[in-house]
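What follows is the content of model.pdb (PDB, C-alpha atoms).
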ATOM      1  CA  MET A   1      20.926  67.766 -46.894
ATOM      2  CA  ALA A   2      18.673  69.589 -49.361
ATOM      3  CA  GLU A   3      16.188  67.779 -51.511
ATOM      4  CA  PRO A   4      17.307  67.175 -55.103
ATOM      5  CA  GLN A   5      14.746  69.689 -56.321
ATOM      6  CA  GLN A   6      12.320  72.026 -54.591
ATOM      7  CA  HIS A   7       9.422  73.867 -56.198
ATOM      8  CA  PHE A   8       8.160  77.290 -55.006
ATOM      9  CA  HIS A   9       4.914  78.807 -56.275
ATOM     10  CA  CYS A  10       4.511  82.507 -56.972
ATOM     11  CA  SER A  11       0.826  83.374 -56.868
ATOM     12  CA  TRP A  12      -0.532  86.680 -58.082
ATOM     13  CA  GLY A  13      -1.166  89.441 -55.588
ATOM     14  CA  PRO A  14      -4.320  91.584 -55.666
ATOM     15  CA  CYS A  15      -2.729  94.293 -57.827
ATOM     16  CA  THR A  16      -1.451  91.788 -60.403
ATOM     17  CA  ARG A  17      -4.875  90.119 -60.528
ATOM     18  CA  LEU A  18      -6.624  93.465 -61.036
ATOM     19  CA  VAL A  19      -4.236  94.813 -63.687
ATOM     20  CA  THR A  20      -4.122  91.502 -65.567
ATOM     21  CA  SER A  21      -7.924  91.236 -65.557
ATOM     22  CA  LEU A  22      -8.373  94.820 -66.771
ATOM     23  CA  VAL A  23      -5.778  94.437 -69.513
ATOM     24  CA  ALA A  24      -7.327  91.138 -70.649
ATOM     25  CA  VAL A  25     -10.799  92.729 -70.874
ATOM     26  CA  MET A  26      -9.440  95.778 -72.729
ATOM     27  CA  VAL A  27      -7.444  93.620 -75.179
ATOM     28  CA  ALA A  28     -10.451  91.399 -75.852
ATOM     29  CA  ALA A  29     -12.742  94.404 -76.396
ATOM     30  CA  LEU A  30     -10.248  96.119 -78.676
ATOM     31  CA  ALA A  31      -9.637  92.945 -80.700
ATOM     32  CA  VAL A  32     -13.378  92.328 -81.101
ATOM     33  CA  GLY A  33     -13.874  95.964 -82.140
ATOM     34  CA  LEU A  34     -11.113  95.748 -84.741
ATOM     35  CA  ILE A  35     -12.485  92.485 -86.113
ATOM     36  CA  TRP A  36     -15.937  94.087 -86.316
ATOM     37  CA  LEU A  37     -14.421  97.033 -88.210
ATOM     38  CA  ALA A  38     -12.683  94.569 -90.542
ATOM     39  CA  ALA A  39     -16.041  92.891 -91.220
ATOM     40  CA  LEU A  40     -17.613  96.279 -91.982
ATOM     41  CA  ASN A  41     -14.799  97.020 -94.448
ATOM     42  CA  ALA A  42     -14.751  93.584 -96.084
ATOM     43  CA  GLU A  43     -15.246  95.138 -99.521
ATOM     44  CA  THR A  44     -12.114  97.285 -99.134
ATOM     45  CA  PRO A  45      -9.216  94.822 -99.031
ATOM     46  CA  PHE A  46      -6.713  97.297 -97.618
ATOM     47  CA  LEU A  47      -8.921  98.373 -94.680
ATOM     48  CA  PHE A  48     -10.001  94.783 -94.074
ATOM     49  CA  ALA A  49      -6.359  93.618 -93.863
ATOM     50  CA  LEU A  50      -5.353  96.648 -91.802
ATOM     51  CA  HIS A  51      -8.025  96.019 -89.160
ATOM     52  CA  LEU A  52      -7.266  92.295 -88.969
ATOM     53  CA  ALA A  53      -3.538  93.001 -88.630
ATOM     54  CA  ALA A  54      -4.228  95.525 -85.872
ATOM     55  CA  ALA A  55      -6.416  92.983 -84.038
ATOM     56  CA  ALA A  56      -3.644  90.389 -84.299
ATOM     57  CA  ALA A  57      -1.071  92.878 -82.977
ATOM     58  CA  VAL A  58      -3.303  93.848 -80.053
ATOM     59  CA  VAL A  59      -3.577  90.182 -79.036
ATOM     60  CA  ALA A  60       0.065  89.302 -79.809
ATOM     61  CA  LEU A  61       1.646  91.784 -77.380
ATOM     62  CA  PRO A  62       0.086  90.415 -74.161
ATOM     63  CA  VAL A  63       0.615  86.851 -75.379
ATOM     64  CA  ALA A  64       4.301  87.639 -75.968
ATOM     65  CA  MET A  65       4.562  89.195 -72.494
ATOM     66  CA  ALA A  66       3.214  85.975 -70.980
ATOM     67  CA  PHE A  67       6.370  84.194 -72.153
ATOM     68  CA  PHE A  68       8.482  86.374 -69.825
ATOM     69  CA  ALA A  69       6.277  86.366 -66.706
ATOM     70  CA  PRO A  70       7.414  84.170 -63.820
ATOM     71  CA  CYS A  71       5.422  80.967 -63.270
ATOM     72  CA  CYS A  72       7.317  79.486 -60.315
ATOM     73  CA  TYR A  73      10.805  79.009 -58.904
ATOM     74  CA  ARG A  74      12.762  75.773 -58.702
ATOM     75  CA  VAL A  75      15.829  75.094 -56.568
ATOM     76  CA  THR A  76      18.119  72.270 -57.627
ATOM     77  CA  PRO A  77      21.409  71.295 -55.974
ATOM     78  CA  THR A  78      23.273  73.470 -58.480
ATOM     79  CA  HIS A  79      20.838  76.149 -59.718
ATOM     80  CA  LEU A  80      17.947  78.440 -58.923
ATOM     81  CA  VAL A  81      15.577  78.432 -61.895
ATOM     82  CA  VAL A  82      12.904  81.049 -62.577
ATOM     83  CA  ARG A  83      10.430  79.081 -64.650
ATOM     84  CA  ARG A  84       8.581  80.971 -67.373
ATOM     85  CA  LEU A  85       6.602  79.955 -70.454
ATOM     86  CA  GLY A  86       9.523  81.264 -72.487
ATOM     87  CA  PRO A  87      13.200  80.759 -71.715
ATOM     88  CA  HIS A  88      13.846  80.067 -68.044
ATOM     89  CA  VAL A  89      16.235  82.212 -66.016
ATOM     90  CA  VAL A  90      18.988  80.039 -64.531
ATOM     91  CA  ILE A  91      21.094  81.345 -61.647
ATOM     92  CA  PRO A  92      23.977  79.080 -60.572
ATOM     93  CA  ARG A  93      23.840  78.623 -56.798
ATOM     94  CA  ARG A  94      27.596  78.989 -56.520
ATOM     95  CA  HIS A  95      27.186  82.607 -57.734
ATOM     96  CA  ILE A  96      24.702  83.498 -54.978
ATOM     97  CA  ARG A  97      26.403  85.680 -52.360
ATOM     98  CA  SER A  98      23.401  86.355 -50.127
ATOM     99  CA  VAL A  99      19.621  86.214 -49.835
ATOM    100  CA  GLU A 100      17.564  88.790 -47.944
ATOM    101  CA  ILE A 101      13.845  89.037 -47.207
ATOM    102  CA  LEU A 102      12.742  92.377 -48.640
ATOM    103  CA  ASP A 103      10.523  94.964 -47.017
ATOM    104  CA  PRO A 104       7.493  95.370 -49.345
ATOM    105  CA  GLU A 105       8.078  99.120 -49.557
ATOM    106  CA  ASP A 106      11.577  98.595 -50.967
ATOM    107  CA  PHE A 107      10.113  96.897 -54.028
ATOM    108  CA  ARG A 108       7.125  99.232 -54.333
ATOM    109  CA  GLU A 109       9.457 102.245 -54.450
ATOM    110  CA  SER A 110      11.357 100.882 -57.447
ATOM    111  CA  PHE A 111      10.810 101.953 -61.024
ATOM    112  CA  ARG A 112      10.880  99.913 -64.196
ATOM    113  CA  GLU A 113      13.710 100.573 -66.615
ATOM    114  CA  MET A 114      12.696  97.875 -69.097
ATOM    115  CA  GLY A 115      10.104  95.122 -68.809
ATOM    116  CA  GLY A 116       6.538  94.584 -67.676
ATOM    117  CA  GLY A 117       4.999  96.113 -64.591
ATOM    118  CA  GLY A 118       1.522  95.006 -63.533
ATOM    119  CA  PHE A 119       0.217  92.755 -66.303
ATOM    120  CA  LEU A 120       1.079  89.168 -65.242
ATOM    121  CA  GLY A 121       3.451  90.557 -62.602
ATOM    122  CA  CYS A 122       6.576  92.692 -62.604
ATOM    123  CA  PHE A 123       9.470  91.352 -64.629
ATOM    124  CA  GLY A 124      12.486  92.877 -66.283
ATOM    125  CA  ARG A 125      15.088  95.445 -65.195
ATOM    126  CA  PHE A 126      14.169  97.754 -62.322
ATOM    127  CA  HIS A 127      15.935 100.293 -60.107
ATOM    128  CA  SER A 128      15.470 101.501 -56.548
ATOM    129  CA  ARG A 129      17.501 103.609 -54.141
ATOM    130  CA  LYS A 130      18.033 100.711 -51.757
ATOM    131  CA  LEU A 131      18.695  97.913 -54.264
ATOM    132  CA  GLY A 132      20.250  99.792 -57.169
ATOM    133  CA  HIS A 133      19.683  98.062 -60.508
ATOM    134  CA  PHE A 134      18.090  94.636 -60.315
ATOM    135  CA  MET A 135      16.174  92.049 -62.298
ATOM    136  CA  ALA A 136      12.655  91.315 -61.032
ATOM    137  CA  TYR A 137      10.638  88.151 -61.597
ATOM    138  CA  ALA A 138       7.801  89.053 -59.260
ATOM    139  CA  THR A 139       4.052  88.659 -58.915
ATOM    140  CA  ARG A 140       3.397  90.342 -55.549
ATOM    141  CA  PRO A 141       5.542  92.874 -53.658
ATOM    142  CA  ASP A 142       4.353  91.791 -50.207
ATOM    143  CA  ARG A 143       6.346  88.532 -50.393
ATOM    144  CA  ALA A 144       9.637  89.609 -51.913
ATOM    145  CA  LEU A 145      13.205  88.562 -51.386
ATOM    146  CA  VAL A 146      16.390  89.757 -53.035
ATOM    147  CA  ILE A 147      19.172  87.478 -54.181
ATOM    148  CA  TYR A 148      22.610  89.007 -54.595
ATOM    149  CA  THR A 149      25.007  87.292 -56.980
ATOM    150  CA  HIS A 150      28.497  88.285 -58.051
ATOM    151  CA  ASP A 151      27.216  90.419 -60.920
ATOM    152  CA  GLU A 152      23.440  90.923 -60.506
ATOM    153  CA  SER A 153      20.621  91.282 -57.988
ATOM    154  CA  TYR A 154      17.289  89.485 -58.423
ATOM    155  CA  VAL A 155      13.957  90.157 -56.739
ATOM    156  CA  LEU A 156      11.661  87.135 -56.551
ATOM    157  CA  THR A 157       8.272  86.785 -54.874
ATOM    158  CA  PRO A 158       7.605  83.191 -53.851
ATOM    159  CA  ASP A 159       4.508  82.407 -51.789
ATOM    160  CA  ASP A 160       6.872  81.512 -48.928
ATOM    161  CA  PRO A 161       9.989  83.727 -49.127
ATOM    162  CA  GLN A 162      11.458  82.293 -45.930
ATOM    163  CA  ALA A 163      11.289  78.737 -47.334
ATOM    164  CA  LEU A 164      13.041  79.788 -50.550
ATOM    165  CA  ALA A 165      15.729  81.609 -48.549
ATOM    166  CA  GLU A 166      16.243  78.454 -46.470
ATOM    167  CA  ALA A 167      16.421  76.291 -49.600
ATOM    168  CA  LEU A 168      19.208  78.508 -50.929
ATOM    169  CA  ARG A 169      21.212  78.193 -47.717
ATOM    170  CA  PRO A 170      24.609  76.692 -48.480
ATOM    171  CA  GLU A 171      24.866  73.084 -47.348
ATOM    172  CA  ASP A 172      28.538  73.224 -46.403
ATOM    173  CA  ASP A 173      28.377  75.698 -43.517
ATOM    174  CA  GLY A 174      24.654  75.695 -42.677
ATOM    175  CA  GLN A 175      24.553  79.478 -42.235
ATOM    176  CA  ALA A 176      21.635  81.474 -43.573
ATOM    177  CA  HIS A 177      22.184  84.322 -46.010
ATOM    178  CA  GLU A 178      19.567  86.579 -44.494
ATOM    179  CA  ASN A 179      20.282  90.084 -43.249
ATOM    180  CA  SER A 180      23.329  90.348 -45.460
ATOM    181  CA  PRO A 181      24.727  93.809 -46.096
ATOM    182  CA  ASN A 182      23.442  95.435 -49.241
ATOM    183  CA  PRO A 183      26.236  95.373 -51.821
ATOM    184  CA  THR A 184      27.107  98.561 -53.592
ATOM    185  CA  PRO A 185      26.079  98.345 -57.266
ATOM    186  CA  ALA A 186      29.081  98.119 -59.561
TER     187      ALA A 186
END
Using the file provided, produce a representation of the structure as structure tokens.
Amino acid sequence: MAEPQQHFHCSWGPCTRLVTSLVAVMVAALAVGLIWLAALNAETPFLFALHLAAAAAVVALPVAMAFFAPCCYRVTPTHLVVRRLGPHVVIPRRHIRSVEILDPEDFRESFREMGGGGFLGCFGRFHSRKLGHFMAYATRPDRALVIYTHDESYVLTPDDPQALAEALRPEDDGQAHENSPNPTPA
């Protein structure tokens, strides 16, 4: 019998660490530069306000993106939860048709339709030839798995994909969902 609740970490891969670090440095430098320009234009209220507003916007975008980046995954008896700073993604376990460990190249060859890709991970709507359209809540492509539900596919990247796949195994028949056929996108 499965534990009442299991927690799965999703650490950042090298690419996510690099992109996030570079973006953070660039945002900080740009914000400091805009604040410095605001200070230089303190006697011109319009320019002062414009530069401060631009600095706030430069900082606000990455902060807003952080609310949608995956923090970890939680499996309960009834749901799979993608935990984020913002609203969590809740997938009812009864809707899960199959779970498959993903070849890293299958995720790398996808393209982003809408969402973030690199800064804090890859999250949002993506598309690939193999998977079709899917939602990604990922931090590293080398540890990916895909979850097929009745109406959506999800790519997650827990530190231990095999353990998450096992945790999602149905309790009634004890059969694993791995190596399931890839459903045709509707």
TODO: Take the PyMOL selection byres ((chain A and resi 163) around 12), apply it to the structure above, and return the hits as a PyMOL selection string.
DONE: chain A and resi 2+6-9+73-75+99-101+143-145+157-162+164-169+176+178
- [ ] Carefully work through the PyMOL selection byres ((chain A and resi 80-87) around 8) for this structure and note down the residues it includes, as a count of residues only.
- [x] 20
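The smallest atom-to-atom distance between Thr149 in chain A and any of A:Arg129, A:Ile35, A:Glu105, A:Ile96, using only C-alpha atoms, is found for A:Ile96.
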TODO: Could you state which residues are captured by the PyMOL selection byres ((chain A and resi 124) around 12) in this file, as JSON, numbers by chain?
DONE: {"A": [65, 68, 69, 70, 89, 110, 111, 112, 113, 114, 115, 116, 117, 118, 121, 122, 123, 125, 126, 127, 133, 134, 135, 136, 137, 138, 139, 153, 154, 155, 156]}
If you keep C-alpha atoms, can you produce a file of those selected residues as a CSV table (one decimal), in the coordinates of the input?
chain,number,residue,atom,x,y,z
A,65,MET,CA,4.6,89.2,-72.5
A,68,PHE,CA,8.5,86.4,-69.8
A,69,ALA,CA,6.3,86.4,-66.7
A,70,PRO,CA,7.4,84.2,-63.8
A,89,VAL,CA,16.2,82.2,-66.0
A,110,SER,CA,11.4,100.9,-57.4
A,111,PHE,CA,10.8,102.0,-61.0
A,112,ARG,CA,10.9,99.9,-64.2
A,113,GLU,CA,13.7,100.6,-66.6
A,114,MET,CA,12.7,97.9,-69.1
A,115,GLY,CA,10.1,95.1,-68.8
A,116,GLY,CA,6.5,94.6,-67.7
A,117,GLY,CA,5.0,96.1,-64.6
A,118,GLY,CA,1.5,95.0,-63.5
A,121,GLY,CA,3.5,90.6,-62.6
A,122,CYS,CA,6.6,92.7,-62.6
A,123,PHE,CA,9.5,91.4,-64.6
A,125,ARG,CA,15.1,95.4,-65.2
A,126,PHE,CA,14.2,97.8,-62.3
A,127,HIS,CA,15.9,100.3,-60.1
A,133,HIS,CA,19.7,98.1,-60.5
A,134,PHE,CA,18.1,94.6,-60.3
A,135,MET,CA,16.2,92.0,-62.3
A,136,ALA,CA,12.7,91.3,-61.0
A,137,TYR,CA,10.6,88.2,-61.6
A,138,ALA,CA,7.8,89.1,-59.3
A,139,THR,CA,4.1,88.7,-58.9
A,153,SER,CA,20.6,91.3,-58.0
A,154,TYR,CA,17.3,89.5,-58.4
A,155,VAL,CA,14.0,90.2,-56.7
A,156,LEU,CA,11.7,87.1,-56.6
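For the set A:Val63, A:Leu131, A:Ile147, A:Cys15, the residue with the smallest atom-to-atom gap to Ala28 in chain A is A:Val63, counting all atoms listed in the file.
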